[in-house]
$ cat start24.json   # JSON, N, CA and C atoms and all ligand atoms
[["chain", "number", "residue", "atom", "x", "y", "z"],
["A", 3, "MET", "N", -7.48, -18.24, 5.40],
["A", 3, "MET", "CA", -7.71, -16.89, 4.85],
["A", 3, "MET", "C", -7.83, -15.85, 5.95],
["A", 4, "ALA", "N", -7.56, -16.26, 7.22],
["A", 4, "ALA", "CA", -7.71, -15.32, 8.33],
["A", 4, "ALA", "C", -6.85, -14.09, 8.13],
["A", 5, "ASP", "N", -5.67, -14.28, 7.51],
["A", 5, "ASP", "CA", -4.80, -13.13, 7.33],
["A", 5, "ASP", "C", -5.28, -12.19, 6.23],
["A", 6, "GLN", "N", -6.36, -12.55, 5.60],
["A", 6, "GLN", "CA", -6.94, -11.68, 4.57],
["A", 6, "GLN", "C", -8.19, -10.94, 5.08],
["A", 7, "GLU", "N", -8.48, -11.08, 6.38],
["A", 7, "GLU", "CA", -9.67, -10.45, 6.95],
["A", 7, "GLU", "C", -9.68, -8.94, 6.76],
["A", 8, "TRP", "N", -8.50, -8.35, 6.71],
["A", 8, "TRP", "CA", -8.42, -6.91, 6.56],
["A", 8, "TRP", "C", -9.14, -6.44, 5.29],
["A", 9, "ARG", "N", -9.18, -7.30, 4.30],
["A", 9, "ARG", "CA", -9.83, -6.90, 3.04],
["A", 9, "ARG", "C", -11.31, -6.61, 3.23],
["A", 10, "LEU", "N", -11.92, -7.29, 4.20],
["A", 10, "LEU", "CA", -13.35, -7.08, 4.46],
["A", 10, "LEU", "C", -13.61, -5.71, 5.08],
["A", 11, "ALA", "N", -12.59, -5.15, 5.71],
["A", 11, "ALA", "CA", -12.75, -3.85, 6.37],
["A", 11, "ALA", "C", -12.09, -2.72, 5.58],
["A", 12, "ALA", "N", -11.63, -3.03, 4.38],
["A", 12, "ALA", "CA", -10.92, -2.04, 3.57],
["A", 12, "ALA", "C", -11.86, -0.93, 3.09],
["A", 13, "LEU", "N", -11.61, 0.28, 3.53],
["A", 13, "LEU", "CA", -12.49, 1.39, 3.16],
["A", 13, "LEU", "C", -12.38, 1.76, 1.68],
["A", 14, "CYS", "N", -11.27, 1.40, 1.04],
["A", 14, "CYS", "CA", -11.12, 1.73, -0.38],
["A", 14, "CYS", "C", -12.15, 0.99, -1.23],
["A", 15, "ALA", "N", -12.72, -0.07, -0.68],
["A", 15, "ALA", "CA", -13.74, -0.81, -1.43],
["A", 15, "ALA", "C", -15.03, 0.00, -1.56],
["A", 16, "GLN", "N", -15.12, 1.09, -0.79],
["A", 16, "GLN", "CA", -16.35, 1.89, -0.79],
["A", 16, "GLN", "C", -16.24, 3.15, -1.63],
["A", 17, "VAL", "N", -15.08, 3.37, -2.23],
["A", 17, "VAL", "CA", -14.88, 4.60, -3.01],
["A", 17, "VAL", "C", -14.39, 4.27, -4.42],
["A", 18, "ASP", "N", -14.34, 5.29, -5.24],
["A", 18, "ASP", "CA", -13.85, 5.13, -6.61],
["A", 18, "ASP", "C", -12.39, 4.68, -6.58],
["A", 19, "PRO", "N", -12.09, 3.50, -7.09],
["A", 19, "PRO", "CA", -10.69, 3.01, -7.02],
["A", 19, "PRO", "C", -9.71, 3.88, -7.80],
["A", 20, "GLU", "N", -10.22, 4.68, -8.72],
["A", 20, "GLU", "CA", -9.30, 5.49, -9.53],
["A", 20, "GLU", "C", -8.55, 6.52, -8.72],
["A", 21, "ILE", "N", -9.10, 6.93, -7.56],
["A", 21, "ILE", "CA", -8.38, 7.92, -6.77],
["A", 21, "ILE", "C", -7.07, 7.35, -6.22],
["A", 22, "PHE", "N", -6.97, 6.01, -6.20],
["A", 22, "PHE", "CA", -5.74, 5.39, -5.71],
["A", 22, "PHE", "C", -4.67, 5.30, -6.80],
["A", 23, "PHE", "N", -5.06, 5.62, -8.01],
["A", 23, "PHE", "CA", -4.13, 5.57, -9.14],
["A", 23, "PHE", "C", -4.26, 6.85, -9.96],
["A", 24, "PRO", "N", -3.89, 7.99, -9.35],
["A", 24, "PRO", "CA", -4.03, 9.25, -10.09],
["A", 24, "PRO", "C", -3.08, 9.29, -11.29],
["A", 25, "GLU", "N", -3.48, 10.06, -12.27],
["A", 25, "GLU", "CA", -2.60, 10.23, -13.43],
["A", 25, "GLU", "C", -1.34, 10.94, -13.00],
["A", 26, "LYS", "N", -0.31, 10.84, -13.82],
["A", 26, "LYS", "CA", 0.98, 11.47, -13.51],
["A", 26, "LYS", "C", 0.76, 12.94, -13.16],
["A", 27, "GLY", "N", 1.30, 13.35, -12.03],
["A", 27, "GLY", "CA", 1.14, 14.73, -11.59],
["A", 27, "GLY", "C", -0.13, 14.97, -10.80],
["A", 28, "GLY", "N", -1.01, 13.96, -10.74],
["A", 28, "GLY", "CA", -2.26, 14.10, -10.00],
["A", 28, "GLY", "C", -2.03, 13.95, -8.50],
["A", 29, "SER", "N", -3.03, 14.35, -7.74],
["A", 29, "SER", "CA", -2.91, 14.32, -6.29],
["A", 29, "SER", "C", -3.27, 12.94, -5.71],
["A", 30, "VAL", "N", -2.51, 12.53, -4.71],
["A", 30, "VAL", "CA", -2.81, 11.28, -4.00],
["A", 30, "VAL", "C", -3.54, 11.57, -2.69],
["A", 31, "MET", "N", -3.83, 12.83, -2.43],
["A", 31, "MET", "CA", -4.38, 13.21, -1.13],
["A", 31, "MET", "C", -5.73, 12.55, -0.84],
["A", 32, "ALA", "N", -6.58, 12.47, -1.83],
["A", 32, "ALA", "CA", -7.90, 11.86, -1.58],
["A", 32, "ALA", "C", -7.73, 10.40, -1.15],
["A", 33, "ALA", "N", -6.84, 9.69, -1.82],
["A", 33, "ALA", "CA", -6.59, 8.29, -1.47],
["A", 33, "ALA", "C", -5.97, 8.18, -0.07],
["A", 34, "LEU", "N", -5.01, 9.04, 0.21],
["A", 34, "LEU", "CA", -4.37, 8.99, 1.54],
["A", 34, "LEU", "C", -5.35, 9.31, 2.65],
["A", 35, "ARG", "N", -6.33, 10.18, 2.35],
["A", 35, "ARG", "CA", -7.36, 10.48, 3.37],
["A", 35, "ARG", "C", -8.21, 9.23, 3.65],
["A", 36, "VAL", "N", -8.55, 8.50, 2.61],
["A", 36, "VAL", "CA", -9.33, 7.27, 2.80],
["A", 36, "VAL", "C", -8.50, 6.28, 3.63],
["A", 37, "CYS", "N", -7.25, 6.09, 3.25],
["A", 37, "CYS", "CA", -6.37, 5.19, 4.02],
["A", 37, "CYS", "C", -6.29, 5.63, 5.48],
["A", 38, "GLY", "N", -6.25, 6.92, 5.69],
["A", 38, "GLY", "CA", -6.14, 7.44, 7.05],
["A", 38, "GLY", "C", -7.36, 7.14, 7.90],
["A", 39, "ARG", "N", -8.47, 6.83, 7.26],
["A", 39, "ARG", "CA", -9.68, 6.47, 8.01],
["A", 39, "ARG", "C", -9.81, 4.97, 8.22],
["A", 40, "CYS", "N", -8.95, 4.19, 7.57],
["A", 40, "CYS", "CA", -8.95, 2.75, 7.81],
["A", 40, "CYS", "C", -8.46, 2.48, 9.23],
["A", 41, "GLU", "N", -8.96, 1.40, 9.82],
["A", 41, "GLU", "CA", -8.47, 0.99, 11.14],
["A", 41, "GLU", "C", -6.96, 0.73, 11.02],
["A", 42, "PRO", "N", -6.20, 1.09, 12.06],
["A", 42, "PRO", "CA", -4.74, 0.86, 11.98],
["A", 42, "PRO", "C", -4.35, -0.57, 11.64],
["A", 43, "TRP", "N", -5.05, -1.55, 12.20],
["A", 43, "TRP", "CA", -4.68, -2.95, 11.91],
["A", 43, "TRP", "C", -4.94, -3.28, 10.44],
["A", 44, "VAL", "N", -5.96, -2.65, 9.87],
["A", 44, "VAL", "CA", -6.26, -2.87, 8.45],
["A", 44, "VAL", "C", -5.16, -2.23, 7.60],
["A", 45, "ARG", "N", -4.82, -1.01, 7.96],
["A", 45, "ARG", "CA", -3.78, -0.29, 7.19],
["A", 45, "ARG", "C", -2.45, -1.04, 7.25],
["A", 46, "GLN", "N", -2.11, -1.54, 8.45],
["A", 46, "GLN", "CA", -0.85, -2.28, 8.60],
["A", 46, "GLN", "C", -0.85, -3.56, 7.77],
["A", 47, "ALA", "N", -1.96, -4.29, 7.83],
["A", 47, "ALA", "CA", -2.04, -5.54, 7.06],
["A", 47, "ALA", "C", -2.03, -5.25, 5.57],
["A", 48, "CYS", "N", -2.70, -4.20, 5.18],
["A", 48, "CYS", "CA", -2.75, -3.80, 3.77],
["A", 48, "CYS", "C", -1.35, -3.43, 3.27],
["A", 49, "LEU", "N", -0.64, -2.66, 4.06],
["A", 49, "LEU", "CA", 0.71, -2.25, 3.66],
["A", 49, "LEU", "C", 1.64, -3.47, 3.60],
["A", 50, "ALA", "N", 1.54, -4.34, 4.59],
["A", 50, "ALA", "CA", 2.39, -5.55, 4.59],
["A", 50, "ALA", "C", 2.10, -6.39, 3.35],
["A", 51, "ASP", "N", 0.83, -6.51, 2.99],
["A", 51, "ASP", "CA", 0.45, -7.28, 1.81],
["A", 51, "ASP", "C", 1.01, -6.63, 0.55],
["A", 52, "ALA", "N", 0.86, -5.31, 0.46],
["A", 52, "ALA", "CA", 1.35, -4.60, -0.72],
["A", 52, "ALA", "C", 2.86, -4.78, -0.88],
["A", 53, "LEU", "N", 3.59, -4.62, 0.22],
["A", 53, "LEU", "CA", 5.05, -4.74, 0.14],
["A", 53, "LEU", "C", 5.47, -6.17, -0.20],
["A", 54, "ALA", "N", 4.77, -7.14, 0.34],
["A", 54, "ALA", "CA", 5.10, -8.54, 0.04],
["A", 54, "ALA", "C", 4.88, -8.84, -1.43],
["A", 55, "VAL", "N", 3.75, -8.41, -1.94],
["A", 55, "VAL", "CA", 3.44, -8.66, -3.35],
["A", 55, "VAL", "C", 4.41, -7.92, -4.26],
["A", 56, "GLU", "N", 4.68, -6.67, -3.92],
["A", 56, "GLU", "CA", 5.56, -5.86, -4.77],
["A", 56, "GLU", "C", 7.01, -6.37, -4.73],
["A", 57, "ALA", "N", 7.42, -6.87, -3.57],
["A", 57, "ALA", "CA", 8.78, -7.44, -3.48],
["A", 57, "ALA", "C", 8.88, -8.70, -4.33],
["A", 58, "GLU", "N", 7.82, -9.47, -4.33],
["A", 58, "GLU", "CA", 7.83, -10.72, -5.09],
["A", 58, "GLU", "C", 7.78, -10.45, -6.59],
["A", 59, "LEU", "N", 6.96, -9.48, -6.97],
["A", 59, "LEU", "CA", 6.81, -9.20, -8.40],
["A", 59, "LEU", "C", 8.00, -8.44, -8.98],
["A", 60, "GLY", "N", 8.69, -7.66, -8.12],
["A", 60, "GLY", "CA", 9.75, -6.80, -8.63],
["A", 60, "GLY", "C", 9.11, -5.62, -9.36],
["A", 61, "GLY", "N", 9.92, -4.87, -10.04],
["A", 61, "GLY", "CA", 9.38, -3.70, -10.74],
["A", 61, "GLY", "C", 9.04, -2.60, -9.77],
["A", 62, "SER", "N", 8.29, -1.63, -10.24],
["A", 62, "SER", "CA", 7.96, -0.47, -9.41],
["A", 62, "SER", "C", 6.54, -0.58, -8.88],
["A", 63, "PRO", "N", 6.35, -0.24, -7.59],
["A", 63, "PRO", "CA", 4.99, -0.21, -7.04],
["A", 63, "PRO", "C", 4.14, 0.82, -7.78],
["A", 64, "ALA", "N", 2.84, 0.62, -7.72],
["A", 64, "ALA", "CA", 1.93, 1.58, -8.35],
["A", 64, "ALA", "C", 0.78, 1.89, -7.40],
["A", 65, "GLY", "N", 0.37, 3.12, -7.40],
["A", 65, "GLY", "CA", -0.81, 3.52, -6.65],
["A", 65, "GLY", "C", -0.57, 3.66, -5.16],
["A", 66, "VAL", "N", -1.62, 4.11, -4.49],
["A", 66, "VAL", "CA", -1.58, 4.24, -3.03],
["A", 66, "VAL", "C", -2.07, 2.93, -2.42],
["A", 67, "ARG", "N", -1.31, 2.43, -1.46],
["A", 67, "ARG", "CA", -1.70, 1.21, -0.72],
["A", 67, "ARG", "C", -1.25, 1.39, 0.72],
["A", 68, "GLY", "N", -2.08, 0.94, 1.64],
["A", 68, "GLY", "CA", -1.68, 0.94, 3.04],
["A", 68, "GLY", "C", -1.28, 2.30, 3.58],
["A", 69, "GLY", "N", -1.85, 3.33, 3.05],
["A", 69, "GLY", "CA", -1.54, 4.68, 3.53],
["A", 69, "GLY", "C", -0.22, 5.23, 3.03],
["A", 70, "MET", "N", 0.34, 4.59, 2.03],
["A", 70, "MET", "CA", 1.62, 5.07, 1.49],
["A", 70, "MET", "C", 1.55, 5.19, -0.04],
["A", 71, "THR", "N", 2.30, 6.14, -0.54],
["A", 71, "THR", "CA", 2.38, 6.30, -1.99],
["A", 71, "THR", "C", 3.31, 5.23, -2.56],
["A", 72, "ALA", "N", 3.24, 5.07, -3.87],
["A", 72, "ALA", "CA", 4.12, 4.11, -4.55],
["A", 72, "ALA", "C", 5.58, 4.50, -4.32],
["A", 73, "LYS", "N", 5.86, 5.78, -4.32],
["A", 73, "LYS", "CA", 7.24, 6.25, -4.13],
["A", 73, "LYS", "C", 7.75, 5.88, -2.74],
["A", 74, "ASP", "N", 6.90, 6.05, -1.73],
["A", 74, "ASP", "CA", 7.30, 5.70, -0.36],
["A", 74, "ASP", "C", 7.52, 4.20, -0.21],
["A", 75, "ARG", "N", 6.64, 3.42, -0.84],
["A", 75, "ARG", "CA", 6.82, 1.97, -0.76],
["A", 75, "ARG", "C", 8.07, 1.53, -1.51],
["A", 76, "GLU", "N", 8.35, 2.19, -2.61],
["A", 76, "GLU", "CA", 9.57, 1.87, -3.37],
["A", 76, "GLU", "C", 10.80, 2.11, -2.50],
["A", 77, "ALA", "N", 10.78, 3.18, -1.71],
["A", 77, "ALA", "CA", 11.91, 3.48, -0.82],
["A", 77, "ALA", "C", 12.08, 2.37, 0.23],
["A", 78, "ILE", "N", 10.98, 1.89, 0.77],
["A", 78, "ILE", "CA", 11.06, 0.80, 1.76],
["A", 78, "ILE", "C", 11.62, -0.45, 1.10],
["A", 79, "LEU", "N", 11.13, -0.77, -0.09],
["A", 79, "LEU", "CA", 11.61, -1.97, -0.77],
["A", 79, "LEU", "C", 13.10, -1.87, -1.10],
["A", 80, "ARG", "N", 13.52, -0.67, -1.48],
["A", 80, "ARG", "CA", 14.95, -0.46, -1.77],
["A", 80, "ARG", "C", 15.80, -0.68, -0.52],
["A", 81, "GLN", "N", 15.31, -0.13, 0.62],
["A", 81, "GLN", "CA", 16.04, -0.30, 1.88],
["A", 81, "GLN", "C", 16.11, -1.78, 2.26],
["A", 82, "ARG", "N", 15.01, -2.49, 2.09],
["A", 82, "ARG", "CA", 15.00, -3.91, 2.43],
["A", 82, "ARG", "C", 15.96, -4.70, 1.55],
["A", 83, "ARG", "N", 15.98, -4.38, 0.26],
["A", 83, "ARG", "CA", 16.90, -5.08, -0.65],
["A", 83, "ARG", "C", 18.35, -4.80, -0.26],
["A", 84, "ALA", "N", 18.63, -3.55, 0.10],
["A", 84, "ALA", "CA", 20.00, -3.19, 0.50],
["A", 84, "ALA", "C", 20.38, -3.91, 1.79],
["A", 85, "ALA", "N", 19.45, -3.99, 2.74],
["A", 85, "ALA", "CA", 19.73, -4.68, 4.01],
["A", 85, "ALA", "C", 19.95, -6.16, 3.77],
["A", 86, "ALA", "N", 19.18, -6.74, 2.86],
["A", 86, "ALA", "CA", 19.34, -8.16, 2.55],
["A", 86, "ALA", "C", 20.69, -8.42, 1.91],
["A", 87, "ARG", "N", 21.11, -7.51, 1.03],
["A", 87, "ARG", "CA", 22.43, -7.67, 0.38],
["A", 87, "ARG", "C", 23.56, -7.59, 1.41],
["A", 88, "GLU", "N", 23.42, -6.63, 2.36],
["A", 88, "GLU", "CA", 24.45, -6.49, 3.40],
["A", 88, "GLU", "C", 24.51, -7.70, 4.30],
["A", 89, "ALA", "N", 23.35, -8.29, 4.56],
["A", 89, "ALA", "CA", 23.30, -9.45, 5.46],
["A", 89, "ALA", "C", 23.82, -10.71, 4.79],
["A", 90, "ALA", "N", 23.84, -10.72, 3.46],
["A", 90, "ALA", "CA", 24.24, -11.93, 2.73],
["A", 90, "ALA", "C", 25.76, -12.12, 2.76],
["B", 101, "LIG", "S1", -5.15, 1.34, 4.00],
["B", 101, "LIG", "FE1", -5.87, 2.30, 2.09],
["B", 101, "LIG", "S2", -5.45, 0.86, 0.46],
["B", 101, "LIG", "FE2", -5.34, -0.23, 2.41],
["B", 101, "LIG", "S3", -7.35, -1.09, 2.79],
["B", 101, "LIG", "FE3", -7.33, 0.88, 3.77],
["B", 101, "LIG", "S4", -8.10, 2.33, 2.26],
["B", 101, "LIG", "FE4", -7.55, 0.46, 1.16]]

$ encode --input "start24.json" --output "structure tokens" --more "lines below"
Ligand code: SF4
Amino acid sequence: MADQEWRLAALCAQVDPEIFFPEKGGSVMAALRVCGRCEPWVRQACLADALAVEAELGGSPAGVRGGMTAKDREAILRQRRAAAREAA
């Protein structure tokens, strides 16, 4: 579980989780500010975890994770899928 250590330092555990899932049209700024205060290694591990889970599950990402919005993570996942197709 060493690769899950970042969860112990996750600052989002100290705030209202709803700010990470704003309603449609709502602001993600509060969540991004919290992510911005996470240690860089925590943010990187968090983002890697989010992308791995979202790639495995398919569908569209939801909420703010690892300092990125769902839309930004979706763009990364799309690029990775396109790169994988080109490499195949
Ligand atoms: S980067 Fe954001 S979502 Fe990830 S652990 Fe930190 S506060 Fe939570």

$ residues_near_ligand --input "start24.json" --ligand "ligand LIG 101 (chain B)" --cutoff "7 Å" --atoms "only N, CA and C atoms and all ligand atoms" --output "VMD selection string"
chain A and resid 8 to 9 11 to 15 33 to 34 36 to 41 44 to 49 66 to 70

$ atom_distance --input "start24.json" --atom1 "atom CA of A:Pro42" --atom2 "atom CA of A:Ala85"
26.3 Å

$ select_by_dssp --input "start24.json" --residues "chain A" --states "alpha helix (DSSP H)" --output "count of residues only"
45

$ atom_distance --input "start24.json" --atom1 "atom CA of A:Ala57" --atom2 "atom CA of A:Asp74"
13.6 Å

$ atom_distance --input "start24.json" --atom1 "atom N of A:Gly28" --atom2 "atom N of A:Arg82"
26.3 Å

$ closest_residue --input "start24.json" --among "A:Val17, A:Ala52, A:Ala32, A:Leu10" --to "A:Ala72" --atoms "only C-alpha atoms"
A:Ala52

$ closest_residue --input "start24.json" --among "A:Pro24, A:Ser29, A:Ala90, A:Leu53" --to "A:Ile78" --atoms "only N, CA and C atoms"
A:Leu53

$ decode --input "start24.json" --residues "stretch 31-60 of chain A" --atoms "N, CA, C and O atoms" --output "compact mmCIF listing (two decimals), in the first residue's frame"
# COMPACT_ATOMS: atom_id res chain seq x y z
N MET A 31 -12.97 26.61 -8.66
CA MET A 31 -11.82 27.33 -8.13
C MET A 31 -11.49 26.95 -6.68
O MET A 31 -10.32 26.84 -6.33
N ALA A 32 -12.50 26.77 -5.87
CA ALA A 32 -12.23 26.42 -4.46
C ALA A 32 -11.49 25.09 -4.40
O ALA A 32 -10.53 24.93 -3.63
N ALA A 33 -11.94 24.13 -5.19
CA ALA A 33 -11.29 22.81 -5.20
C ALA A 33 -9.86 22.93 -5.74
O ALA A 33 -8.93 22.34 -5.19
N LEU A 34 -9.69 23.68 -6.81
CA LEU A 34 -8.35 23.82 -7.39
C LEU A 34 -7.39 24.51 -6.43
O LEU A 34 -6.19 24.21 -6.41
N ARG A 35 -7.93 25.42 -5.61
CA ARG A 35 -7.08 26.08 -4.60
C ARG A 35 -6.61 25.05 -3.56
O ARG A 35 -5.46 25.09 -3.14
N VAL A 36 -7.49 24.17 -3.15
CA VAL A 36 -7.10 23.13 -2.18
C VAL A 36 -6.03 22.23 -2.82
O VAL A 36 -5.00 21.96 -2.20
N CYS A 37 -6.27 21.80 -4.04
CA CYS A 37 -5.28 20.97 -4.73
C CYS A 37 -3.94 21.69 -4.83
O CYS A 37 -2.88 21.07 -4.68
N GLY A 38 -4.00 22.98 -5.06
CA GLY A 38 -2.78 23.76 -5.19
C GLY A 38 -1.96 23.82 -3.91
O GLY A 38 -0.77 24.13 -3.95
N ARG A 39 -2.60 23.54 -2.79
CA ARG A 39 -1.88 23.53 -1.51
C ARG A 39 -1.37 22.14 -1.15
O ARG A 39 -0.63 21.98 -0.19
N CYS A 40 -1.79 21.13 -1.90
CA CYS A 40 -1.26 19.78 -1.67
C CYS A 40 0.22 19.76 -2.06
O CYS A 40 0.64 20.44 -2.99
N GLU A 41 0.99 18.91 -1.38
CA GLU A 41 2.39 18.74 -1.75
C GLU A 41 2.44 18.24 -3.20
O GLU A 41 1.59 17.43 -3.60
N PRO A 42 3.43 18.70 -3.97
CA PRO A 42 3.50 18.26 -5.38
C PRO A 42 3.49 16.75 -5.56
O PRO A 42 2.84 16.24 -6.47
N TRP A 43 4.19 16.02 -4.69
CA TRP A 43 4.22 14.56 -4.86
C TRP A 43 2.84 13.96 -4.61
O TRP A 43 2.46 12.95 -5.22
N VAL A 44 2.08 14.59 -3.72
CA VAL A 44 0.72 14.12 -3.44
C VAL A 44 -0.17 14.39 -4.66
O VAL A 44 -0.91 13.53 -5.12
N ARG A 45 -0.05 15.60 -5.17
CA ARG A 45 -0.87 15.99 -6.33
C ARG A 45 -0.56 15.08 -7.53
O ARG A 45 -1.46 14.64 -8.24
N GLN A 46 0.73 14.81 -7.74
CA GLN A 46 1.12 13.95 -8.87
C GLN A 46 0.58 12.53 -8.70
O GLN A 46 0.05 11.94 -9.65
N ALA A 47 0.70 12.00 -7.50
CA ALA A 47 0.21 10.64 -7.25
C ALA A 47 -1.31 10.60 -7.37
O ALA A 47 -1.88 9.63 -7.90
N CYS A 48 -1.95 11.62 -6.88
CA CYS A 48 -3.42 11.72 -6.94
C CYS A 48 -3.88 11.76 -8.40
O CYS A 48 -4.81 11.04 -8.79
N LEU A 49 -3.22 12.57 -9.19
CA LEU A 49 -3.59 12.69 -10.60
C LEU A 49 -3.34 11.37 -11.34
O LEU A 49 -4.18 10.93 -12.13
N ALA A 50 -2.20 10.75 -11.06
CA ALA A 50 -1.90 9.47 -11.72
C ALA A 50 -2.96 8.43 -11.35
O ALA A 50 -3.40 7.66 -12.21
N ASP A 51 -3.36 8.42 -10.09
CA ASP A 51 -4.39 7.48 -9.64
C ASP A 51 -5.71 7.75 -10.35
O ASP A 51 -6.39 6.83 -10.83
N ALA A 52 -6.08 9.03 -10.41
CA ALA A 52 -7.35 9.40 -11.05
C ALA A 52 -7.36 8.97 -12.51
O ALA A 52 -8.32 8.36 -12.99
N LEU A 53 -6.27 9.26 -13.22
CA LEU A 53 -6.21 8.92 -14.64
C LEU A 53 -6.23 7.41 -14.85
O LEU A 53 -6.87 6.91 -15.79
N ALA A 54 -5.55 6.68 -13.98
CA ALA A 54 -5.52 5.22 -14.12
C ALA A 54 -6.92 4.65 -13.90
O ALA A 54 -7.38 3.80 -14.67
N VAL A 55 -7.59 5.11 -12.88
CA VAL A 55 -8.93 4.61 -12.58
C VAL A 55 -9.90 4.99 -13.69
O VAL A 55 -10.70 4.18 -14.16
N GLU A 56 -9.81 6.24 -14.13
CA GLU A 56 -10.74 6.71 -15.16
C GLU A 56 -10.50 6.02 -16.51
O GLU A 56 -11.45 5.75 -17.25
N ALA A 57 -9.23 5.73 -16.80
CA ALA A 57 -8.93 5.01 -18.05
C ALA A 57 -9.50 3.59 -17.99
O ALA A 57 -10.02 3.08 -18.97
N GLU A 58 -9.41 3.00 -16.82
CA GLU A 58 -9.90 1.63 -16.66
C GLU A 58 -11.42 1.57 -16.72
O GLU A 58 -12.00 0.67 -17.32
N LEU A 59 -12.05 2.54 -16.08
CA LEU A 59 -13.51 2.53 -16.02
C LEU A 59 -14.15 2.97 -17.33
O LEU A 59 -15.28 2.60 -17.64
N GLY A 60 -13.42 3.81 -18.10
CA GLY A 60 -14.02 4.38 -19.30
C GLY A 60 -15.02 5.45 -18.88
O GLY A 60 -15.07 5.85 -17.72
